[in-house]
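A.B. asks: Next comes target.pdb, PDB, C-alpha atoms:
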```pdb
ATOM      1  CA  MET A  13       0.000   0.000   0.000  1.00  0.00           C
ATOM      2  CA  LYS A  14       1.042   3.590  -0.636  1.00  0.00           C
ATOM      3  CA  ALA A  15       0.471   6.410   1.825  1.00  0.00           C
ATOM      4  CA  ILE A  16      -1.142   9.445   0.149  1.00  0.00           C
ATOM      5  CA  LEU A  17      -1.265  12.906   1.733  1.00  0.00           C
ATOM      6  CA  THR A  18      -2.671  16.171   0.451  1.00  0.00           C
ATOM      7  CA  GLY A  19       0.347  18.451   0.257  1.00  0.00           C
ATOM      8  CA  PRO A  20       0.920  21.496   2.453  1.00  0.00           C
ATOM      9  CA  TYR A  21       0.742  23.985  -0.415  1.00  0.00           C
ATOM     10  CA  THR A  22      -2.616  22.710  -1.690  1.00  0.00           C
ATOM     11  CA  LEU A  23      -3.996  22.537   1.852  1.00  0.00           C
ATOM     12  CA  ALA A  24      -3.032  26.132   2.492  1.00  0.00           C
ATOM     13  CA  LYS A  25      -4.006  27.506  -0.902  1.00  0.00           C
ATOM     14  CA  LEU A  26      -7.491  25.996  -0.737  1.00  0.00           C
ATOM     15  CA  SER A  27      -8.108  26.888   2.901  1.00  0.00           C
ATOM     16  CA  ILE A  28     -10.489  29.624   3.995  1.00  0.00           C
ATOM     17  CA  ILE A  29      -8.287  31.645   6.328  1.00  0.00           C
ATOM     18  CA  GLN A  30     -10.285  33.473   8.994  1.00  0.00           C
ATOM     19  CA  THR A  31      -7.472  34.577  11.266  1.00  0.00           C
ATOM     20  CA  ASP A  32      -4.901  37.343  11.316  1.00  0.00           C
ATOM     21  CA  ALA A  33      -2.252  34.818  12.355  1.00  0.00           C
ATOM     22  CA  TYR A  34      -1.408  34.079   8.722  1.00  0.00           C
ATOM     23  CA  PRO A  35      -1.197  37.295   6.716  1.00  0.00           C
ATOM     24  CA  HIS A  36       1.083  35.550   4.218  1.00  0.00           C
ATOM     25  CA  LEU A  37       0.404  32.264   2.422  1.00  0.00           C
ATOM     26  CA  GLN A  38       3.998  31.142   2.845  1.00  0.00           C
ATOM     27  CA  ASP A  39       3.703  31.097   6.638  1.00  0.00           C
ATOM     28  CA  LEU A  40       0.692  28.788   6.583  1.00  0.00           C
ATOM     29  CA  VAL A  41       2.252  26.503   3.963  1.00  0.00           C
ATOM     30  CA  LEU A  42       5.425  26.075   5.994  1.00  0.00           C
ATOM     31  CA  ASP A  43       3.517  25.434   9.221  1.00  0.00           C
ATOM     32  CA  PHE A  44       1.501  22.752   7.441  1.00  0.00           C
ATOM     33  CA  ALA A  45       4.757  21.354   6.048  1.00  0.00           C
ATOM     34  CA  GLU A  46       6.316  21.159   9.508  1.00  0.00           C
ATOM     35  CA  LEU A  47       3.299  19.275  10.869  1.00  0.00           C
ATOM     36  CA  MET A  48       3.160  16.956   7.874  1.00  0.00           C
ATOM     37  CA  SER A  49       6.877  16.237   8.108  1.00  0.00           C
ATOM     38  CA  ARG A  50       6.193  14.587  11.461  1.00  0.00           C
ATOM     39  CA  GLU A  51       3.570  12.391   9.839  1.00  0.00           C
ATOM     40  CA  ILE A  52       5.992  11.492   7.059  1.00  0.00           C
ATOM     41  CA  GLU A  53       8.654  10.650   9.622  1.00  0.00           C
ATOM     42  CA  GLY A  54       6.202   8.331  11.364  1.00  0.00           C
ATOM     43  CA  LEU A  55       5.210   6.654   8.103  1.00  0.00           C
ATOM     44  CA  ALA A  56       8.852   6.145   7.187  1.00  0.00           C
ATOM     45  CA  ARG A  57       9.610   4.595  10.578  1.00  0.00           C
ATOM     46  CA  ALA A  58       6.596   2.309  10.158  1.00  0.00           C
ATOM     47  CA  GLY A  59       8.110   0.989   6.927  1.00  0.00           C
ATOM     48  CA  ALA A  60       6.317   2.949   4.207  1.00  0.00           C
ATOM     49  CA  THR A  61       8.380   2.503   1.043  1.00  0.00           C
ATOM     50  CA  MET A  62       6.590   5.242  -0.909  1.00  0.00           C
ATOM     51  CA  ILE A  63       4.734   8.331   0.295  1.00  0.00           C
ATOM     52  CA  GLN A  64       2.691  10.291  -2.215  1.00  0.00           C
ATOM     53  CA  ILE A  65       2.148  14.024  -1.789  1.00  0.00           C
ATOM     54  CA  ASP A  66      -0.719  15.473  -3.846  1.00  0.00           C
ATOM     55  CA  GLU A  67      -0.184  19.083  -4.937  1.00  0.00           C
ATOM     56  CA  PRO A  68      -2.745  19.864  -7.655  1.00  0.00           C
ATOM     57  CA  ALA A  69      -3.075  23.539  -6.697  1.00  0.00           C
ATOM     58  CA  ILE A  70       0.410  24.447  -7.925  1.00  0.00           C
ATOM     59  CA  ILE A  71      -0.659  23.856 -11.531  1.00  0.00           C
ATOM     60  CA  ARG A  72      -3.094  26.773 -11.309  1.00  0.00           C
ATOM     61  CA  HIS A  73      -0.707  29.004  -9.360  1.00  0.00           C
ATOM     62  CA  PRO A  74       2.786  28.467 -10.777  1.00  0.00           C
ATOM     63  CA  ASN A  75       4.009  31.815  -9.408  1.00  0.00           C
ATOM     64  CA  ASP A  76       3.949  30.192  -5.962  1.00  0.00           C
ATOM     65  CA  PHE A  77       6.471  27.541  -6.956  1.00  0.00           C
ATOM     66  CA  ALA A  78       9.185  28.861  -4.638  1.00  0.00           C
ATOM     67  CA  ILE A  79       6.815  28.340  -1.709  1.00  0.00           C
ATOM     68  CA  LEU A  80       6.044  24.806  -2.847  1.00  0.00           C
ATOM     69  CA  ARG A  81       9.748  24.052  -3.137  1.00  0.00           C
ATOM     70  CA  GLN A  82      10.362  25.209   0.443  1.00  0.00           C
ATOM     71  CA  ALA A  83       7.543  23.033   1.717  1.00  0.00           C
ATOM     72  CA  VAL A  84       8.626  19.913  -0.177  1.00  0.00           C
ATOM     73  CA  THR A  85      12.175  20.413   1.089  1.00  0.00           C
ATOM     74  CA  VAL A  86      10.858  20.350   4.669  1.00  0.00           C
ATOM     75  CA  LEU A  87       8.997  17.099   3.938  1.00  0.00           C
ATOM     76  CA  ALA A  88      11.960  15.482   2.203  1.00  0.00           C
ATOM     77  CA  ARG A  89      14.167  15.920   5.255  1.00  0.00           C
ATOM     78  CA  LYS A  90      11.985  13.470   7.198  1.00  0.00           C
ATOM     79  CA  LYS A  91      11.400  10.771   4.585  1.00  0.00           C
ATOM     80  CA  GLY A  92      14.142   8.443   5.826  1.00  0.00           C
ATOM     81  CA  ASN A  93      14.428   5.486   3.462  1.00  0.00           C
ATOM     82  CA  SER A  94      11.020   6.128   1.928  1.00  0.00           C
ATOM     83  CA  ARG A  95      10.669   7.491  -1.577  1.00  0.00           C
ATOM     84  CA  LEU A  96       8.649  10.661  -1.987  1.00  0.00           C
ATOM     85  CA  ALA A  97       6.263  11.026  -4.919  1.00  0.00           C
ATOM     86  CA  LEU A  98       4.735  14.369  -5.815  1.00  0.00           C
ATOM     87  CA  TYR A  99       1.561  14.206  -7.923  1.00  0.00           C
ATOM     88  CA  THR A 100      -0.206  17.006  -9.781  1.00  0.00           C
ATOM     89  CA  TYR A 101      -3.461  16.899 -11.714  1.00  0.00           C
ATOM     90  CA  PHE A 102      -6.398  18.990 -13.015  1.00  0.00           C
ATOM     91  CA  GLY A 103      -4.139  21.198 -15.100  1.00  0.00           C
ATOM     92  CA  ASP A 104      -1.328  21.436 -17.617  1.00  0.00           C
ATOM     93  CA  ALA A 105       2.017  20.533 -16.035  1.00  0.00           C
ATOM     94  CA  ALA A 106       4.043  21.224 -19.193  1.00  0.00           C
ATOM     95  CA  PRO A 107       4.789  24.911 -18.370  1.00  0.00           C
ATOM     96  CA  ILE A 108       6.368  23.977 -15.006  1.00  0.00           C
ATOM     97  CA  TYR A 109       7.870  20.636 -16.029  1.00  0.00           C
ATOM     98  CA  ASP A 110      11.457  21.771 -15.465  1.00  0.00           C
ATOM     99  CA  GLN A 111      10.611  23.179 -12.047  1.00  0.00           C
ATOM    100  CA  LEU A 112       8.882  19.969 -11.024  1.00  0.00           C
ATOM    101  CA  GLN A 113      11.981  18.029 -12.073  1.00  0.00           C
ATOM    102  CA  SER A 114      14.052  20.120  -9.656  1.00  0.00           C
ATOM    103  CA  LEU A 115      12.049  19.160  -6.543  1.00  0.00           C
ATOM    104  CA  PRO A 116      13.662  16.866  -3.925  1.00  0.00           C
ATOM    105  CA  VAL A 117      11.414  13.891  -4.683  1.00  0.00           C
ATOM    106  CA  GLU A 118      12.109  10.591  -6.394  1.00  0.00           C
ATOM    107  CA  ILE A 119       8.866  10.321  -8.369  1.00  0.00           C
ATOM    108  CA  LEU A 120       6.693  12.810 -10.260  1.00  0.00           C
ATOM    109  CA  GLY A 121       3.085  11.975 -11.062  1.00  0.00           C
ATOM    110  CA  LEU A 122       1.687  13.949 -13.997  1.00  0.00           C
ATOM    111  CA  ASP A 123      -1.783  14.261 -15.495  1.00  0.00           C
ATOM    112  CA  PHE A 124      -1.388  13.771 -19.237  1.00  0.00           C
ATOM    113  CA  THR A 125      -5.125  14.118 -19.900  1.00  0.00           C
ATOM    114  CA  TYR A 126      -4.989  17.841 -19.083  1.00  0.00           C
ATOM    115  CA  SER A 127      -1.640  18.374 -20.816  1.00  0.00           C
ATOM    116  CA  PRO A 128      -1.790  17.788 -24.585  1.00  0.00           C
ATOM    117  CA  GLN A 129       1.834  18.930 -25.005  1.00  0.00           C
ATOM    118  CA  LEU A 130       3.261  17.091 -22.002  1.00  0.00           C
ATOM    119  CA  ALA A 131       4.180  13.893 -23.849  1.00  0.00           C
ATOM    120  CA  ASP A 132       6.101  15.967 -26.403  1.00  0.00           C
ATOM    121  CA  ARG A 133       7.844  17.783 -23.552  1.00  0.00           C
ATOM    122  CA  VAL A 134       8.943  14.513 -21.930  1.00  0.00           C
ATOM    123  CA  GLU A 135      10.038  13.151 -25.309  1.00  0.00           C
ATOM    124  CA  ARG A 136      12.149  16.247 -25.859  1.00  0.00           C
ATOM    125  CA  ASP A 137      13.654  16.728 -22.394  1.00  0.00           C
ATOM    126  CA  GLY A 138      13.476  13.283 -20.836  1.00  0.00           C
ATOM    127  CA  SER A 139      13.186  12.799 -17.080  1.00  0.00           C
ATOM    128  CA  ASP A 140      15.775  12.265 -14.385  1.00  0.00           C
ATOM    129  CA  LYS A 141      13.026  11.098 -12.054  1.00  0.00           C
ATOM    130  CA  GLN A 142      10.704   8.147 -12.149  1.00  0.00           C
ATOM    131  CA  LEU A 143       7.364   9.229 -13.569  1.00  0.00           C
ATOM    132  CA  GLY A 144       3.797   8.342 -12.718  1.00  0.00           C
ATOM    133  CA  LEU A 145       2.110   8.537 -16.104  1.00  0.00           C
ATOM    134  CA  GLY A 146      -1.471   9.720 -15.606  1.00  0.00           C
ATOM    135  CA  LEU A 147      -2.668   8.369 -18.951  1.00  0.00           C
ATOM    136  CA  ILE A 148      -5.979   6.964 -17.728  1.00  0.00           C
ATOM    137  CA  ASP A 149      -8.619   9.703 -17.474  1.00  0.00           C
ATOM    138  CA  GLY A 150      -9.988   9.612 -13.946  1.00  0.00           C
ATOM    139  CA  ARG A 151     -12.881  11.947 -14.823  1.00  0.00           C
ATOM    140  CA  ASN A 152     -14.294  10.028 -17.776  1.00  0.00           C
ATOM    141  CA  THR A 153     -15.962   6.616 -17.890  1.00  0.00           C
ATOM    142  CA  ARG A 154     -14.730   5.915 -21.424  1.00  0.00           C
ATOM    143  CA  LEU A 155     -12.177   3.102 -21.520  1.00  0.00           C
ATOM    144  CA  GLU A 156      -8.867   3.967 -23.119  1.00  0.00           C
ATOM    145  CA  THR A 157      -7.738   1.977 -26.160  1.00  0.00           C
ATOM    146  CA  LYS A 158      -4.413   0.293 -26.667  1.00  0.00           C
ATOM    147  CA  GLU A 159      -3.761   2.461 -29.720  1.00  0.00           C
ATOM    148  CA  GLU A 160      -3.883   5.737 -27.807  1.00  0.00           C
ATOM    149  CA  ILE A 161      -2.018   4.461 -24.736  1.00  0.00           C
ATOM    150  CA  PHE A 162       0.669   2.592 -26.665  1.00  0.00           C
ATOM    151  CA  LYS A 163       1.320   5.666 -28.823  1.00  0.00           C
ATOM    152  CA  LEU A 164       2.036   7.746 -25.721  1.00  0.00           C
ATOM    153  CA  LEU A 165       4.135   5.047 -24.056  1.00  0.00           C
ATOM    154  CA  ASN A 166       6.262   4.581 -27.154  1.00  0.00           C
ATOM    155  CA  LYS A 167       6.895   8.310 -27.185  1.00  0.00           C
ATOM    156  CA  ILE A 168       7.663   8.716 -23.483  1.00  0.00           C
ATOM    157  CA  LEU A 169       9.435   5.580 -22.278  1.00  0.00           C
ATOM    158  CA  PRO A 170      12.628   5.811 -24.366  1.00  0.00           C
ATOM    159  CA  ARG A 171      13.354   9.201 -22.770  1.00  0.00           C
ATOM    160  CA  LEU A 172      13.122   8.040 -19.157  1.00  0.00           C
ATOM    161  CA  LYS A 173      16.083   7.147 -16.982  1.00  0.00           C
ATOM    162  CA  GLY A 174      15.967   4.131 -14.727  1.00  0.00           C
ATOM    163  CA  ASP A 175      14.010   0.918 -14.987  1.00  0.00           C
ATOM    164  CA  ILE A 176      10.707   1.902 -13.390  1.00  0.00           C
ATOM    165  CA  CYS A 177       7.758   4.076 -14.297  1.00  0.00           C
ATOM    166  CA  TYR A 178       4.132   3.844 -13.269  1.00  0.00           C
ATOM    167  CA  ILE A 179       0.950   3.868 -15.318  1.00  0.00           C
ATOM    168  CA  ASN A 180      -1.875   5.366 -13.288  1.00  0.00           C
ATOM    169  CA  PRO A 181      -5.135   7.254 -13.495  1.00  0.00           C
ATOM    170  CA  SER A 182      -4.800  10.972 -14.052  1.00  0.00           C
ATOM    171  CA  CYS A 183      -6.337  11.624 -10.618  1.00  0.00           C
ATOM    172  CA  GLY A 184      -8.313   9.824  -7.940  1.00  0.00           C
ATOM    173  CA  LEU A 185     -11.296   7.813  -9.164  1.00  0.00           C
ATOM    174  CA  GLU A 186     -13.811   9.180  -6.657  1.00  0.00           C
ATOM    175  CA  TYR A 187     -15.490  11.078  -9.501  1.00  0.00           C
ATOM    176  CA  LEU A 188     -16.614   7.828 -11.147  1.00  0.00           C
ATOM    177  CA  PRO A 189     -19.244   5.283 -10.081  1.00  0.00           C
ATOM    178  CA  ARG A 190     -17.592   2.362  -8.312  1.00  0.00           C
ATOM    179  CA  ASP A 191     -18.221  -0.142 -11.110  1.00  0.00           C
ATOM    180  CA  LYS A 192     -16.883   2.256 -13.746  1.00  0.00           C
ATOM    181  CA  ALA A 193     -13.805   2.979 -11.642  1.00  0.00           C
ATOM    182  CA  TYR A 194     -13.131  -0.749 -11.310  1.00  0.00           C
ATOM    183  CA  ARG A 195     -13.419  -1.199 -15.081  1.00  0.00           C
ATOM    184  CA  LYS A 196     -10.973   1.656 -15.570  1.00  0.00           C
ATOM    185  CA  LEU A 197      -8.415   0.002 -13.305  1.00  0.00           C
ATOM    186  CA  ALA A 198      -8.931  -3.440 -14.836  1.00  0.00           C
ATOM    187  CA  ASN A 199      -8.469  -1.987 -18.302  1.00  0.00           C
ATOM    188  CA  MET A 200      -5.336  -0.152 -17.191  1.00  0.00           C
ATOM    189  CA  VAL A 201      -3.798  -3.404 -15.928  1.00  0.00           C
ATOM    190  CA  LYS A 202      -4.809  -5.180 -19.129  1.00  0.00           C
ATOM    191  CA  LEU A 203      -3.171  -2.519 -21.312  1.00  0.00           C
ATOM    192  CA  LYS A 204      -0.002  -2.614 -19.236  1.00  0.00           C
ATOM    193  CA  LYS A 205       0.288  -6.398 -19.638  1.00  0.00           C
ATOM    194  CA  MET A 206      -0.389  -6.164 -23.363  1.00  0.00           C
ATOM    195  CA  PHE A 207       2.324  -3.549 -23.729  1.00  0.00           C
ATOM    196  CA  GLN A 208       4.830  -5.597 -21.762  1.00  0.00           C
ATOM    197  CA  GLU A 209       4.068  -8.689 -23.845  1.00  0.00           C
ATOM    198  CA  ARG A 210       5.159  -6.807 -26.929  1.00  0.00           C
ATOM    199  CA  GLY A 211       8.694  -6.947 -25.604  1.00  0.00           C
ATOM    200  CA  VAL A 212       8.836  -3.199 -25.115  1.00  0.00           C
ATOM    201  CA  ARG A 213      10.325  -1.658 -22.008  1.00  0.00           C
ATOM    202  CA  PRO A 214       7.463  -1.555 -19.403  1.00  0.00           C
TER     203      PRO A 214
END
```
Re-express the file's structure as structure tokens.

C.D. replies:
Amino acid sequence: MKAILTGPYTLAKLSIIQTDAYPHLQDLVLDFAELMSREIEGLARAGATMIQIDEPAIIRHPNDFAILRQAVTVLARKKGNSRLALYTYFGDAAPIYDQLQSLPVEILGLDFTYSPQLADRVERDGSDKQLGLGLIDGRNTRLETKEEIFKLLNKILPRLKGDICYINPSCGLEYLPRDKAYRKLANMVKLKKMFQERGVRP
């Protein structure tokens, strides 16, 4: 199992602040980060091998990236032997792709369904980090076809370093009826196996 936490920047950015204690967003973000770092430390001590931090809000507010970087740095200090994954969704990650690559995490999860140019960006620049490829649309009940998924994988995978990447939904599946969500996941696993059987790097 993978521990998943809403990140300190998204928590702060989407909070309704009704106190004078936090006149600046950065202060609230860093306080959240300090508290969450303790949770990450506990998860790492308990044996969590991967801890996922969800930060969708940064996609809509890229000018706050320096604040996000500070917060993620605080979290990374407490991860121990765990690997940190930072996931974004609900927006185009292509404009901040380089900045995301610079964060102190081992894995980046990206929503390709919102980013029509993102696959081209990865093909051009590669990735020094393991990627979570959000190729399965978590907001649509339509099942993806092997033609569309294989085309993207063939474009992206040769440009990745390392031996591991992850195929995942673009976001959580709570927006779909349970039976449709299950079909999405089953289809995702089926497409992954079909791709691997072709003798192509998984």

A.B. asks: Given all atoms listed in the file as the basis, pick out the residue of A:Ile71, A:Met200, A:Ala33, A:Val86 nearest to Lys158 (chain A).

C.D. replies: A:Met200

A.B. asks: Please list as a ChimeraX atom specification every residue within 12 Å of Leu188 (chain A), counting all atoms listed in the file and excluding residues in the same chain fewer than 6 positions away.

C.D. replies: /A:149-154,181,194-197

A.B. asks: Would you write out, as CSV, a table of all residues in region 86-196 of chain A that have an atom no more than 10 Å from an atom of region 36-51 of chain A, listing for each the closest atom pair and the distance in Å to one decimal, considering only C-alpha atoms and ordering rows by chain and rising residue number?

C.D. replies:
```
residue,atom,partner,partner_atom,distance
A:Val86,CA,A:Ala45,CA,6.3
A:Leu87,CA,A:Ser49,CA,4.8
A:Ala88,CA,A:Ser49,CA,7.8
A:Arg89,CA,A:Ser49,CA,7.8
A:Lys90,CA,A:Ser49,CA,5.9
A:Lys91,CA,A:Ser49,CA,7.9
```

A.B. asks: Go ahead and save the residues from that selection, with C-alpha atoms, as a short mmCIF file (atom, residue, chain, number, x, y, z; two decimals), in the coordinates of the input.

C.D. replies:
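Dumped to again-v4.cif:
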```cif
data_model
loop_
_atom_site.label_atom_id
_atom_site.label_comp_id
_atom_site.auth_asym_id
_atom_site.auth_seq_id
_atom_site.Cartn_x
_atom_site.Cartn_y
_atom_site.Cartn_z
CA VAL A 86 10.86 20.35 4.67
CA LEU A 87 9.00 17.10 3.94
CA ALA A 88 11.96 15.48 2.20
CA ARG A 89 14.17 15.92 5.26
CA LYS A 90 11.98 13.47 7.20
CA LYS A 91 11.40 10.77 4.58
#
```

A.B. asks: Name the residues that the PyMOL selection byres ((chain A and resi 62-70) around 6) pulls out of this structure, and write them as a ChimeraX atom specification.

C.D. replies: /A:14-19,22,60-61,71-74,94-101

A.B. asks: Any idea what the distance is between CA of Ile176 (chain A) and CA of Leu164 (chain A)?

C.D. replies: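 Calculated distance between CA of Ile176 (chain A) and CA of Leu164 (chain A) is 16.2 Å.
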
A.B. asks: Hey, what comes out of the PyMOL selection byres ((chain A and resi 111) around 12) on this file? Could you write it as an mmCIF file with C-alpha atoms, in the frame of the given file?

C.D. replies:
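Output below, filename selection_4.cif:
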```cif
data_model
loop_
_atom_site.group_PDB
_atom_site.id
_atom_site.type_symbol
_atom_site.label_atom_id
_atom_site.label_comp_id
_atom_site.auth_asym_id
_atom_site.auth_seq_id
_atom_site.Cartn_x
_atom_site.Cartn_y
_atom_site.Cartn_z
ATOM 1 C CA ILE A 70 0.410 24.447 -7.925
ATOM 2 C CA ILE A 71 -0.659 23.856 -11.531
ATOM 3 C CA PRO A 74 2.786 28.467 -10.777
ATOM 4 C CA ASN A 75 4.009 31.815 -9.408
ATOM 5 C CA ASP A 76 3.949 30.192 -5.962
ATOM 6 C CA PHE A 77 6.471 27.541 -6.956
ATOM 7 C CA ALA A 78 9.185 28.861 -4.638
ATOM 8 C CA LEU A 80 6.044 24.806 -2.847
ATOM 9 C CA ARG A 81 9.748 24.052 -3.137
ATOM 10 C CA ALA A 105 2.017 20.533 -16.035
ATOM 11 C CA ALA A 106 4.043 21.224 -19.193
ATOM 12 C CA PRO A 107 4.789 24.911 -18.370
ATOM 13 C CA ILE A 108 6.368 23.977 -15.006
ATOM 14 C CA TYR A 109 7.870 20.636 -16.029
ATOM 15 C CA ASP A 110 11.457 21.771 -15.465
ATOM 16 C CA LEU A 112 8.882 19.969 -11.024
ATOM 17 C CA GLN A 113 11.981 18.029 -12.073
ATOM 18 C CA SER A 114 14.052 20.120 -9.656
ATOM 19 C CA LEU A 115 12.049 19.160 -6.543
ATOM 20 C CA PRO A 116 13.662 16.866 -3.925
ATOM 21 C CA VAL A 117 11.414 13.891 -4.683
ATOM 22 C CA LEU A 120 6.693 12.810 -10.260
ATOM 23 C CA SER A 139 13.186 12.799 -17.080
#
```

A.B. asks: Kindly resolve the PyMOL selection byres ((chain A and resi 122-124) around 6) on the present coordinates and return the residues as a PyMOL selection string.

C.D. replies: chain A and resi 100-101+121+125-127+145-147+182

A.B. asks: Between A:Asn199, A:Glu209, A:Pro35, A:Lys167, which one has atoms that come closest to Gly138 (chain A), using all atoms listed in the file?

C.D. replies: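 When distances to Gly138 (chain A) are compared using all atoms listed in the file, the smallest one comes from A:Lys167.
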